[in-house]
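Structure file coords.tsv (TSV, C-alpha atoms) follows.
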chain	number	residue	atom	x	y	z
V	15	MET	CA	71.07	139.83	116.02
V	16	ARG	CA	71.13	143.41	117.32
V	17	ASN	CA	70.32	142.08	120.79
V	18	PHE	CA	73.22	139.65	120.40
V	19	PHE	CA	75.80	142.38	119.85
V	20	ALA	CA	74.26	144.86	122.29
V	21	ILE	CA	74.33	142.36	125.14
V	22	THR	CA	77.87	141.23	124.33
V	23	VAL	CA	79.26	144.77	124.19
V	24	CYS	CA	77.41	145.81	127.35
V	25	LEU	CA	78.75	142.92	129.41
V	26	LEU	CA	82.30	143.15	128.12
V	27	CYS	CA	82.40	146.89	128.87
V	28	THR	CA	81.10	146.17	132.37
V	29	SER	CA	83.90	143.66	132.81
V	30	LEU	CA	86.56	146.15	131.77
V	31	ALA	CA	85.13	148.80	134.09
V	32	LEU	CA	85.10	146.47	137.07
V	33	GLN	CA	88.60	145.19	136.38
V	34	VAL	CA	89.96	148.29	138.09
V	35	HIS	CA	88.29	147.40	141.40
V	36	GLY	CA	88.58	143.64	141.77
V	37	GLU	CA	88.71	140.21	140.23
V	38	THR	CA	86.35	139.86	137.28
V	39	LYS	CA	85.62	137.25	134.67
V	40	ALA	CA	83.69	137.60	131.45
V	41	LEU	CA	82.23	134.85	129.28
V	42	VAL	CA	80.49	134.89	125.92
V	43	ARG	CA	79.04	131.66	124.50
V	44	THR	CA	77.45	131.46	121.07
V	45	SER	CA	75.75	128.26	119.95
V	46	PHE	CA	74.57	126.82	116.69
V	47	VAL	CA	71.35	125.05	117.61
V	48	ALA	CA	69.51	122.29	115.73
V	49	LYS	CA	66.28	121.16	117.39
V	50	ASP	CA	62.95	119.58	116.60
V	51	ASP	CA	60.04	121.73	115.46
V	52	SER	CA	58.23	121.99	118.81
V	53	ARG	CA	57.75	125.54	120.11
V	54	SER	CA	59.70	126.43	123.24
V	55	PHE	CA	57.91	126.91	126.56
V	56	GLN	CA	59.25	130.48	126.36
V	57	GLN	CA	56.90	130.95	123.40
V	58	MET	CA	54.11	129.25	125.38
V	59	GLY	CA	54.68	126.08	123.36
V	60	THR	CA	54.85	122.38	124.25
V	61	GLY	CA	58.67	122.12	124.07
V	62	HIS	CA	60.92	121.71	127.10
V	63	GLN	CA	63.96	123.41	125.56
V	64	ARG	CA	64.86	127.09	125.95
V	65	TYR	CA	65.59	127.86	122.29
V	66	GLU	CA	62.90	129.27	120.09
V	67	SER	CA	64.41	128.34	116.70
V	68	ASN	CA	67.33	126.76	114.91
V	69	GLY	CA	70.42	128.77	114.07
V	70	ILE	CA	72.95	130.86	115.96
V	71	GLN	CA	72.00	131.88	119.49
V	72	LEU	CA	73.67	133.88	122.24
V	73	SER	CA	73.30	131.22	124.90
V	74	HIS	CA	75.32	133.05	127.55
V	75	ALA	CA	77.07	136.35	128.09
V	76	LEU	CA	78.01	137.03	131.66
V	77	VAL	CA	80.30	139.02	133.89
V	78	THR	CA	81.23	137.94	137.41
V	79	ALA	CA	82.88	140.37	139.81
V	80	ASP	CA	84.32	139.69	143.26
V	81	PHE	CA	86.12	142.58	144.97
V	82	MET	CA	87.15	143.47	148.50
V	83	LEU	CA	85.39	146.30	150.32
V	84	ALA	CA	87.31	145.96	153.60
V	85	ASP	CA	89.45	143.39	155.41
V	86	SER	CA	86.55	141.02	156.03
V	87	TRP	CA	83.93	142.23	153.52
V	88	SER	CA	83.63	141.56	149.81
V	89	ALA	CA	80.96	142.13	147.16
V	90	VAL	CA	80.00	139.60	144.50
V	91	GLY	CA	77.85	140.18	141.43
V	92	VAL	CA	76.87	138.28	138.28
V	93	ILE	CA	75.31	140.00	135.25
V	94	ASN	CA	73.73	137.74	132.61
V	95	GLY	CA	72.70	138.36	129.02
V	96	TYR	CA	70.79	136.18	126.54
V	97	SER	CA	69.25	136.38	123.09
V	98	ASP	CA	66.11	134.54	124.31
V	99	GLY	CA	63.57	134.96	127.07
V	100	GLU	CA	61.57	137.90	128.35
V	101	GLN	CA	64.40	139.70	130.20
V	102	LYS	CA	67.51	139.82	128.01
V	103	VAL	CA	69.93	141.40	130.52
V	104	GLY	CA	69.91	141.43	134.31
V	105	PHE	CA	71.67	140.16	137.39
V	106	SER	CA	71.34	136.63	138.73
V	107	GLU	CA	73.43	137.12	141.86
V	108	LEU	CA	74.34	140.21	143.89
V	109	TYR	CA	75.45	139.90	147.49
V	110	LEU	CA	77.83	140.92	150.26
V	111	LYS	CA	80.09	138.32	151.88
V	112	TYR	CA	81.56	138.64	155.38
V	113	ARG	CA	84.52	136.41	156.29
V	114	PRO	CA	86.15	137.64	159.50
V	115	LEU	CA	89.72	136.67	160.35
V	116	VAL	CA	89.57	134.41	163.41
V	117	ALA	CA	92.21	132.30	165.15
V	118	SER	CA	89.94	129.26	165.46
V	119	SER	CA	90.03	126.51	162.83
V	120	ILE	CA	86.22	126.83	162.63
V	121	LYS	CA	85.51	129.82	160.39
V	122	PRO	CA	82.23	131.78	160.14
V	123	GLU	CA	80.82	133.28	156.95
V	124	VAL	CA	77.77	135.44	156.23
V	125	LYS	CA	76.14	136.16	152.85
V	126	ILE	CA	73.57	138.93	152.46
V	127	GLY	CA	71.75	139.55	149.18
V	128	ALA	CA	70.70	137.46	146.18
V	129	PHE	CA	72.51	134.20	145.42
V	130	PHE	CA	72.15	130.51	144.60
V	131	PRO	CA	72.08	128.01	147.46
V	132	ALA	CA	75.17	125.85	146.87
V	133	LEU	CA	73.27	122.59	146.46
V	134	SER	CA	74.40	121.68	142.94
V	135	ALA	CA	76.95	118.96	142.16
V	136	GLU	CA	77.36	120.07	138.54
V	137	ASN	CA	77.10	123.88	138.45
V	138	THR	CA	80.53	124.63	139.89
V	139	ASP	CA	81.95	127.11	137.35
V	140	ALA	CA	81.88	130.91	137.44
V	141	GLY	CA	78.39	132.35	137.06
V	142	TRP	CA	76.82	129.06	138.25
V	143	LEU	CA	77.62	127.36	134.92
V	144	SER	CA	78.51	123.72	134.44
V	145	PRO	CA	82.14	123.06	133.44
V	146	HIS	CA	81.09	119.89	131.59
V	147	PHE	CA	77.71	120.48	129.88
V	148	LEU	CA	75.99	123.12	127.77
V	149	SER	CA	72.65	122.23	129.38
V	150	ASN	CA	71.92	121.45	133.02
V	151	SER	CA	70.21	118.47	134.57
V	152	ALA	CA	66.46	118.62	135.12
V	153	ILE	CA	67.06	119.45	138.80
V	154	ASN	CA	69.45	122.32	138.20
V	155	SER	CA	67.53	123.66	135.21
V	156	TRP	CA	64.66	124.16	137.66
V	157	VAL	CA	66.96	125.63	140.34
V	158	GLY	CA	68.27	128.11	137.74
V	159	GLU	CA	64.72	129.07	136.78
V	160	GLU	CA	62.77	129.28	140.04
V	161	LEU	CA	65.15	129.19	143.00
V	162	ARG	CA	67.24	132.02	144.41
V	163	THR	CA	68.09	133.15	147.93
V	164	GLY	CA	67.03	136.75	148.59
V	165	GLY	CA	68.09	137.07	152.19
V	166	ILE	CA	70.88	135.99	154.52
V	167	GLU	CA	72.90	132.80	154.89
V	168	VAL	CA	75.13	132.05	157.90
V	169	SER	CA	77.64	129.20	157.90
V	170	LEU	CA	80.48	127.61	159.88
V	171	ARG	CA	83.21	125.62	158.17
V	172	GLN	CA	86.41	123.77	158.98
V	173	ASN	CA	89.16	122.93	156.49
V	174	GLY	CA	90.70	119.59	157.32
V	175	ARG	CA	94.19	120.68	156.29
V	176	GLN	CA	94.28	123.14	159.18
V	177	ILE	CA	93.87	120.34	161.72
V	178	ARG	CA	95.81	117.69	159.73
V	179	SER	CA	92.68	115.77	158.87
V	180	HIS	CA	91.38	114.40	155.59
V	181	TRP	CA	87.87	115.57	156.50
V	182	SER	CA	86.41	119.06	155.93
V	183	TRP	CA	82.88	120.19	156.76
V	184	LYS	CA	80.43	123.07	156.57
V	185	VAL	CA	77.01	123.67	158.15
V	186	LEU	CA	74.69	126.51	157.16
V	187	GLY	CA	71.26	128.04	157.46
V	188	SER	CA	69.37	130.76	155.62
V	189	VAL	CA	66.22	132.86	155.85
V	190	PHE	CA	64.89	134.58	152.74
V	191	LYS	CA	61.97	136.15	150.93
V	192	GLY	CA	60.96	136.31	147.28
V	193	ASN	CA	60.53	132.63	146.32
V	194	ASP	CA	56.76	132.45	146.86
V	195	SER	CA	55.89	131.26	143.35
V	196	THR	CA	58.45	128.42	143.41
V	197	GLY	CA	56.71	125.27	142.18
V	198	THR	CA	54.66	126.92	139.42
V	199	LEU	CA	56.78	125.63	136.55
V	200	LEU	CA	57.11	122.10	137.91
V	201	SER	CA	53.32	121.82	138.17
V	202	TRP	CA	52.14	123.60	135.02
V	203	ARG	CA	55.04	122.91	132.66
V	204	GLY	CA	56.99	120.05	134.25
V	205	PHE	CA	60.76	119.66	134.43
V	206	ALA	CA	62.81	121.04	131.54
V	207	LEU	CA	66.49	120.69	130.59
V	208	HIS	CA	68.42	123.81	129.61
V	209	ASP	CA	70.98	126.30	130.97
V	210	ARG	CA	69.13	129.62	131.08
V	211	GLN	CA	69.16	131.22	134.54
V	212	SER	CA	66.32	133.57	135.38
V	213	VAL	CA	67.48	137.07	136.22
V	214	TYR	CA	65.75	139.37	138.67
V	215	ASN	CA	62.51	140.87	137.28
V	216	ASP	CA	62.45	138.05	134.73
V	217	ARG	CA	59.32	136.29	133.53
V	218	VAL	CA	59.08	132.64	132.46
V	219	ASN	CA	56.26	131.57	130.15
V	220	PHE	CA	54.53	128.19	129.85
V	221	LEU	CA	51.61	126.62	128.01
V	222	PRO	CA	48.27	128.47	128.34
V	223	ILE	CA	46.51	125.49	129.93
V	224	PRO	CA	42.72	126.09	129.72
V	225	GLY	CA	42.09	125.17	133.37
V	226	VAL	CA	44.76	127.64	134.45
V	227	VAL	CA	44.05	130.68	132.26
V	228	ASP	CA	40.25	130.51	131.94
V	229	GLU	CA	38.48	133.27	133.91
V	230	ASP	CA	35.88	130.88	135.31
V	231	LYS	CA	38.56	128.51	136.63
V	232	LEU	CA	41.96	129.49	138.12
V	233	ASN	CA	42.21	132.69	136.07
V	234	ALA	CA	46.03	132.75	136.32
V	235	PRO	CA	48.45	134.01	133.63
V	236	ALA	CA	50.49	131.60	131.51
V	237	TRP	CA	53.72	132.91	133.05
V	238	THR	CA	55.41	133.26	136.40
V	239	GLU	CA	57.84	135.72	137.94
V	240	PRO	CA	60.11	133.40	139.94
V	241	PHE	CA	61.36	135.79	142.62
V	242	ARG	CA	58.15	137.62	143.47
V	243	GLU	CA	57.20	138.21	147.11
V	244	ILE	CA	53.48	137.58	147.69
V	245	ASP	CA	52.69	136.70	151.32
V	246	ASN	CA	55.35	138.66	153.26
V	247	ARG	CA	56.56	135.51	155.04
V	248	PHE	CA	60.12	134.24	155.43
V	249	GLY	CA	61.30	130.95	154.01
V	250	TYR	CA	64.35	129.03	155.14
V	251	TYR	CA	66.81	126.27	154.30
V	252	VAL	CA	69.50	124.37	156.19
V	253	GLY	CA	72.40	122.41	154.77
V	254	ALA	CA	75.58	120.46	155.48
V	255	HIS	CA	78.68	119.70	153.38
V	256	LEU	CA	81.16	116.92	154.13
V	257	ALA	CA	84.33	116.44	152.06
V	258	TYR	CA	87.15	113.91	152.13
V	259	ALA	CA	90.66	114.81	150.91
V	260	ARG	CA	89.47	116.61	147.77
V	261	LYS	CA	88.32	113.25	146.43
V	262	ALA	CA	84.69	113.14	147.55
V	263	GLU	CA	82.03	115.55	148.76
V	264	LEU	CA	78.49	115.03	150.03
V	265	ARG	CA	75.94	117.87	150.35
V	266	TYR	CA	72.50	117.77	151.93
V	267	TYR	CA	69.91	120.61	151.91
V	268	TYR	CA	66.39	120.95	153.22
V	269	TYR	CA	64.40	123.86	151.74
V	270	ASP	CA	61.01	125.28	152.75
V	271	ASN	CA	59.78	128.55	151.25
V	272	ASN	CA	57.02	128.65	153.94
V	273	ALA	CA	54.62	130.32	151.51
V	274	ASP	CA	50.93	130.70	152.32
V	275	PRO	CA	49.23	128.73	149.51
V	276	ASN	CA	45.95	130.62	149.96
V	277	ILE	CA	47.40	134.01	148.94
V	278	VAL	CA	47.16	135.39	145.41
V	279	ASP	CA	48.44	138.79	144.30
V	280	PRO	CA	46.68	141.35	142.04
V	281	ASP	CA	48.26	139.80	138.90
V	282	ARG	CA	46.68	136.45	139.87
V	283	ILE	CA	50.11	135.01	140.72
V	284	TYR	CA	49.62	132.38	143.42
V	285	ALA	CA	51.89	131.59	146.35
V	286	TRP	CA	53.00	127.95	146.41
V	287	HIS	CA	54.16	126.19	149.58
V	288	THR	CA	57.17	124.25	148.29
V	289	ARG	CA	59.53	122.00	150.25
V	290	PHE	CA	62.27	119.61	149.19
V	291	HIS	CA	65.27	117.53	150.23
V	292	SER	CA	68.40	117.59	148.04
V	293	LEU	CA	71.36	115.22	148.29
V	294	THR	CA	74.43	115.56	146.05
V	295	LEU	CA	77.65	113.61	145.65
V	296	ARG	CA	80.88	114.39	143.79
V	297	TYR	CA	83.61	111.74	143.58
V	298	LEU	CA	87.03	111.89	141.93
V	299	PRO	CA	88.38	108.33	141.75
V	300	ARG	CA	91.22	109.58	139.52
V	301	PRO	CA	92.40	113.10	138.63
V	302	GLU	CA	91.02	112.80	135.10
V	303	LEU	CA	87.60	111.36	136.11
V	304	THR	CA	84.76	113.10	137.97
V	305	VAL	CA	81.50	111.34	138.89
V	306	PHE	CA	78.58	113.38	140.25
V	307	SER	CA	74.97	112.72	141.17
V	308	GLN	CA	71.99	114.44	142.79
V	309	VAL	CA	68.59	113.37	144.15
V	310	LEU	CA	65.67	115.76	144.75
V	311	LEU	CA	62.45	114.85	146.64
V	312	GLY	CA	59.77	117.42	147.42
V	313	ASP	CA	56.17	118.60	147.32
V	314	THR	CA	54.26	121.77	146.47
V	315	LEU	CA	50.79	123.00	147.40
V	316	MET	CA	48.67	125.84	145.99
V	317	GLY	CA	45.27	126.86	147.37
V	318	GLU	CA	43.03	124.53	149.36
V	319	HIS	CA	44.52	121.52	147.58
V	320	ILE	CA	43.76	123.07	144.20
V	321	VAL	CA	47.24	121.92	143.20
V	322	ASP	CA	48.87	119.28	145.40
V	323	ASN	CA	51.92	117.67	143.82
V	324	ASP	CA	54.88	115.56	144.81
V	325	PHE	CA	57.99	115.91	142.66
V	326	SER	CA	61.23	113.99	142.38
V	327	SER	CA	64.25	113.85	140.13
V	328	ALA	CA	67.69	112.28	139.99
V	329	TYR	CA	70.69	112.22	137.70
V	330	ILE	CA	74.11	110.66	137.47
V	331	GLY	CA	76.88	112.09	135.35
V	332	ALA	CA	80.57	111.64	134.65
V	333	ALA	CA	83.28	113.70	132.99
V	334	TYR	CA	86.51	112.16	131.72
V	335	ASN	CA	89.56	114.10	130.55
V	336	LEU	CA	91.42	112.21	127.82
V	337	LYS	CA	94.94	113.24	128.88
V	338	GLN	CA	95.86	109.57	129.43
V	339	LEU	CA	95.31	109.12	125.69
V	340	GLY	CA	97.33	112.20	124.79
V	341	TRP	CA	94.34	114.57	124.53
V	342	GLU	CA	94.71	116.70	127.64
V	343	ASP	CA	92.49	119.47	126.22
V	344	LEU	CA	89.60	117.12	125.36
V	345	THR	CA	86.87	116.16	127.88
V	346	LEU	CA	83.97	113.77	127.35
V	347	ALA	CA	80.90	114.01	129.62
V	348	MET	CA	77.68	112.00	129.87
V	349	ARG	CA	74.59	112.35	132.06
V	350	GLY	CA	71.37	110.42	132.57
V	351	ASP	CA	68.28	112.15	134.07
V	352	TRP	CA	65.00	110.89	135.50
V	353	TYR	CA	62.16	113.14	136.73
V	354	GLN	CA	58.53	112.97	137.83
V	355	VAL	CA	55.63	115.08	139.11
V	356	VAL	CA	52.77	113.21	140.84
V	357	ASP	CA	49.34	114.88	140.87
V	358	ASN	CA	47.60	114.24	144.22
V	359	ASP	CA	44.64	116.63	143.94
V	360	ASP	CA	41.19	115.99	142.49
V	361	VAL	CA	40.91	119.08	140.24
V	362	MET	CA	40.10	117.39	136.94
V	363	TYR	CA	40.48	120.44	134.69
V	364	ASP	CA	44.12	120.95	135.79
V	365	PRO	CA	46.09	117.70	135.35
V	366	ASN	CA	49.69	118.15	136.56
V	367	GLY	CA	51.26	114.70	136.36
V	368	SER	CA	54.40	114.23	134.28
V	369	ARG	CA	57.37	111.92	134.04
V	370	GLY	CA	60.37	111.55	131.78
V	371	ASN	CA	64.01	110.82	131.28
V	372	ALA	CA	66.87	112.33	129.33
V	373	PHE	CA	70.33	111.37	128.11
V	374	THR	CA	73.02	113.95	127.35
V	375	VAL	CA	76.46	113.56	125.76
V	376	SER	CA	78.90	116.47	125.58
V	377	VAL	CA	82.45	116.90	124.23
V	378	ARG	CA	84.58	119.95	125.04
V	379	TYR	CA	87.92	120.90	123.46
V	380	ASP	CA	89.98	123.74	124.93
V	381	ILE	CA	91.63	125.43	121.96
V	382	THR	CA	93.42	127.97	124.18
V	383	ALA	CA	93.11	129.13	127.78
V	384	TYR	CA	90.50	131.63	126.56
V	385	LEU	CA	88.65	129.76	123.79
V	386	SER	CA	86.86	126.40	123.79
V	387	VAL	CA	84.49	124.57	121.47
V	388	SER	CA	81.80	122.16	122.70
V	389	THR	CA	79.29	119.86	121.07
V	390	GLU	CA	76.30	118.36	122.83
V	391	TRP	CA	73.45	116.04	121.94
V	392	GLN	CA	70.44	115.52	124.15
V	393	LEU	CA	67.41	113.24	123.96
V	394	ASN	CA	64.51	114.08	126.28
V	395	SER	CA	61.31	112.05	126.27
V	396	GLY	CA	58.38	111.59	128.57
V	397	HIS	CA	54.67	111.87	129.34
V	398	GLN	CA	52.84	115.04	130.44
V	399	GLU	CA	49.12	114.94	131.21
V	400	ASN	CA	48.23	118.54	130.30
V	401	LEU	CA	49.54	118.07	126.75
V	402	ARG	CA	46.17	116.45	126.01
V	403	PHE	CA	44.74	119.96	125.50
V	404	PHE	CA	47.24	120.76	122.71
V	405	GLN	CA	48.02	117.54	120.82
V	406	SER	CA	46.62	114.11	120.10
V	407	ASP	CA	48.48	112.35	122.94
V	408	GLU	CA	50.36	113.14	126.14
V	409	ASP	CA	53.82	111.94	125.06
V	410	TYR	CA	56.79	113.99	123.89
V	411	ARG	CA	60.20	113.22	122.44
V	412	GLU	CA	62.71	116.03	121.90
V	413	GLN	CA	66.23	116.11	120.50
V	414	LEU	CA	68.69	118.99	120.64
V	415	PHE	CA	72.14	119.38	119.10
V	416	GLN	CA	74.44	122.28	119.96
V	417	LEU	CA	77.82	123.43	118.67
V	418	ALA	CA	79.10	126.16	120.96
V	419	PHE	CA	82.13	128.48	121.07
V	420	THR	CA	83.00	129.92	124.47
V	421	VAL	CA	85.30	132.90	125.03
V	422	THR	CA	86.43	133.65	128.59
V	423	LEU	CA	88.39	136.67	129.72
Spell out the structure here as structure tokens.
Amino acid sequence: MRNFFAITVCLLCTSLALQVHGETKALVRTSFVAKDDSRSFQQMGTGHQRYESNGIQLSHALVTADFMLADSWSAVGVINGYSDGEQKVGFSELYLKYRPLVASSIKPEVKIGAFFPALSAENTDAGWLSPHFLSNSAINSWVGEELRTGGIEVSLRQNGRQIRSHWSWKVLGSVFKGNDSTGTLLSWRGFALHDRQSVYNDRVNFLPIPGVVDEDKLNAPAWTEPFREIDNRFGYYVGAHLAYARKAELRYYYYDNNADPNIVDPDRIYAWHTRFHSLTLRYLPRPELTVFSQVLLGDTLMGEHIVDNDFSSAYIGAAYNLKQLGWEDLTLAMRGDWYQVVDNDDVMYDPNGSRGNAFTVSVRYDITAYLSVSTEWQLNSGHQENLRFFQSDEDYREQLFQLAFTVTL
């Protein structure tokens, strides 16, 4: 509880200090959590949820700041705080943005620093939160844990309104470092569903699988540091956005961290060569209804085929505002998830295969412009091969209920 208040006060004070210099937003979300009795992966348990126990949790406290440095330069930062995890307070994004004033309808933009690639169809709120759910899809839970750009992104965009067209577009490319261990959690823990974003210098735990932690086998720790640089090589991604009249948007990304899978650092953290394709769609058939979906297909390799996995996931979700029924401040959202990791290697002591699906229902009521209350129920079930070392079978079934109050300033 002391961490709860310390984090809240720290972030709110930061928000007030930054208010002098630019546009800032602060958010504090407390949740009452009721879950099954499985231990969280953060406690090196078999569970796929972030929370360690029932009761009141500080699920999010964050400050976002965006302020101008010069005519074409701005600085953006996001500070996060939690009551769970290894690193309780830190930054998730911190970057410079360059948007020069040009006469052409095609506008350039450059980002330099640490930030999320904009590949999500659901995480569209400040601080990379979802406006509809308390927990993210399996895809974006993983993105929040293991994926961050530490480098430069260059893009060109055209707004259709400037040329009297219904169509807008954006193309982009990035080079980065610091994502060498990406793929660790998918292989040794599997997909999870939650909303905790790893901050820089964070550490994410997982089950101490015997074939992973034993000294006479892989001799790796039962944790990963998601943004560690190991092989001194650059990764890259390219992407394209296409939007139609603020009613539909399609986004495609190809990501390759270009890691050398044969490199291991002094802490026995391995580099993983991870690649994927991501395709997202948002569609607004009516002002009160939003439909969104995402598909992820990729693979990851560690060592000389010590770990060789394909992974895939997809979800479809919808959010409906009940203003047609006289409840303008009430929004109902539902999402269905499917995910899978396929083990292609022949290392018998390190089984990595997993598969599962999840269903999430969330209701949000905006009490005022600054205060909202949300409830969410989630059922997540599946099959994970390395659970055989810790329980009688390889199946799991998890339920989570949350009642959350969110204050925004």
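Note that the spacing between CA of Lys191 (chain V) and CA of Arg247 (chain V) amounts to 6.8 Å.
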How close does region 66-148 of chain V get to region 228-245 of chain V? List, as a tab-separated table, each residue of region 66-148 of chain V within 12 Å, its nearest atom pair and the distance in Å to one decimal, counting all atoms listed in the file.
residue	atom	partner	partner_atom	distance
V:Gly99	CA	V:Trp237	CA	11.7
V:Glu100	CA	V:Trp237	CA	10.4
V:Gln101	CA	V:Glu239	CA	10.9
V:Ser106	CA	V:Phe241	CA	10.7
V:Ala128	CA	V:Phe241	CA	10.1
V:Phe129	CA	V:Phe241	CA	11.6
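Our summary of the geometry notes that CA of Ser395 (chain V) is positioned 7.6 Å from CA of Asp409 (chain V).
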Excluding Gln176 (chain V) and its own-chain neighbours fewer than 6 positions away, which residues fall within 12 Å of it when counting all atoms listed in the file? Please give them as an mmCIF file with C-alpha atoms, in the coordinates of the input.
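The resulting file, result_28.cif, is shown below:
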data_model
loop_
_atom_site.group_PDB
_atom_site.id
_atom_site.type_symbol
_atom_site.label_atom_id
_atom_site.label_comp_id
_atom_site.auth_asym_id
_atom_site.auth_seq_id
_atom_site.Cartn_x
_atom_site.Cartn_y
_atom_site.Cartn_z
ATOM 1 C CA ALA V 117 92.210 132.300 165.150
ATOM 2 C CA SER V 118 89.940 129.260 165.460
ATOM 3 C CA SER V 119 90.030 126.510 162.830
ATOM 4 C CA ILE V 120 86.220 126.830 162.630
ATOM 5 C CA LYS V 121 85.510 129.820 160.390
ATOM 6 C CA SER V 182 86.410 119.060 155.930
#
Closest contacts (region 87-189 of chain V/region 309-320 of chain V, max 12 Å, only C-alpha atoms) as JSON lines:
{"residue": "V:Leu133", "atom": "CA", "partner": "V:Leu310", "partner_atom": "CA", "distance": 10.4}
{"residue": "V:Ser134", "atom": "CA", "partner": "V:Val309", "partner_atom": "CA", "distance": 10.2}
{"residue": "V:Ala135", "atom": "CA", "partner": "V:Val309", "partner_atom": "CA", "distance": 10.3}
{"residue": "V:Ser151", "atom": "CA", "partner": "V:Val309", "partner_atom": "CA", "distance": 11.0}
{"residue": "V:Ala152", "atom": "CA", "partner": "V:Leu310", "partner_atom": "CA", "distance": 10.1}
{"residue": "V:Ile153", "atom": "CA", "partner": "V:Leu310", "partner_atom": "CA", "distance": 7.1}
{"residue": "V:Asn154", "atom": "CA", "partner": "V:Leu310", "partner_atom": "CA", "distance": 10.0}
{"residue": "V:Trp156", "atom": "CA", "partner": "V:Leu310", "partner_atom": "CA", "distance": 11.0}
{"residue": "V:Val157", "atom": "CA", "partner": "V:Leu310", "partner_atom": "CA", "distance": 10.9}
Which residues are near region 367-375 of chain V? Cut-off 7 Å, all atoms listed in the file, ignore same chain within fewer than 6 positions. Put them as a ChimeraX atom specification. /V:204,347-357,390-399
Output file for the selection above: C-alpha atoms, as an mmCIF file, in the coordinates of the input:
data_model
loop_
_atom_site.group_PDB
_atom_site.id
_atom_site.type_symbol
_atom_site.label_atom_id
_atom_site.label_comp_id
_atom_site.auth_asym_id
_atom_site.auth_seq_id
_atom_site.Cartn_x
_atom_site.Cartn_y
_atom_site.Cartn_z
ATOM 1 C CA GLY V 204 56.990 120.050 134.250
ATOM 2 C CA ALA V 347 80.900 114.010 129.620
ATOM 3 C CA MET V 348 77.680 112.000 129.870
ATOM 4 C CA ARG V 349 74.590 112.350 132.060
ATOM 5 C CA GLY V 350 71.370 110.420 132.570
ATOM 6 C CA ASP V 351 68.280 112.150 134.070
ATOM 7 C CA TRP V 352 65.000 110.890 135.500
ATOM 8 C CA TYR V 353 62.160 113.140 136.730
ATOM 9 C CA GLN V 354 58.530 112.970 137.830
ATOM 10 C CA VAL V 355 55.630 115.080 139.110
ATOM 11 C CA VAL V 356 52.770 113.210 140.840
ATOM 12 C CA ASP V 357 49.340 114.880 140.870
ATOM 13 C CA GLU V 390 76.300 118.360 122.830
ATOM 14 C CA TRP V 391 73.450 116.040 121.940
ATOM 15 C CA GLN V 392 70.440 115.520 124.150
ATOM 16 C CA LEU V 393 67.410 113.240 123.960
ATOM 17 C CA ASN V 394 64.510 114.080 126.280
ATOM 18 C CA SER V 395 61.310 112.050 126.270
ATOM 19 C CA GLY V 396 58.380 111.590 128.570
ATOM 20 C CA HIS V 397 54.670 111.870 129.340
ATOM 21 C CA GLN V 398 52.840 115.040 130.440
ATOM 22 C CA GLU V 399 49.120 114.940 131.210
#
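Minimum atom-to-atom distance to Val227 (chain V), evaluated using all atoms listed in the file, belongs to V:Ile283 out of V:Gly187, V:Gln416, V:Ile283, V:Thr78.
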Grab the CA of Ser155 (chain V) to CA of Thr38 (chain V) distance for me, in Å with one decimal place. 24.9 Å
If we count all atoms listed in the file and set the cut-off at 7 Å, which residues sit around Leu423 (chain V), ignoring sequence neighbours fewer than 4 positions away in its own chain? Please answer as a list of chain:residue names. V:Lys39, V:Ala40, V:Leu41, V:Tyr384
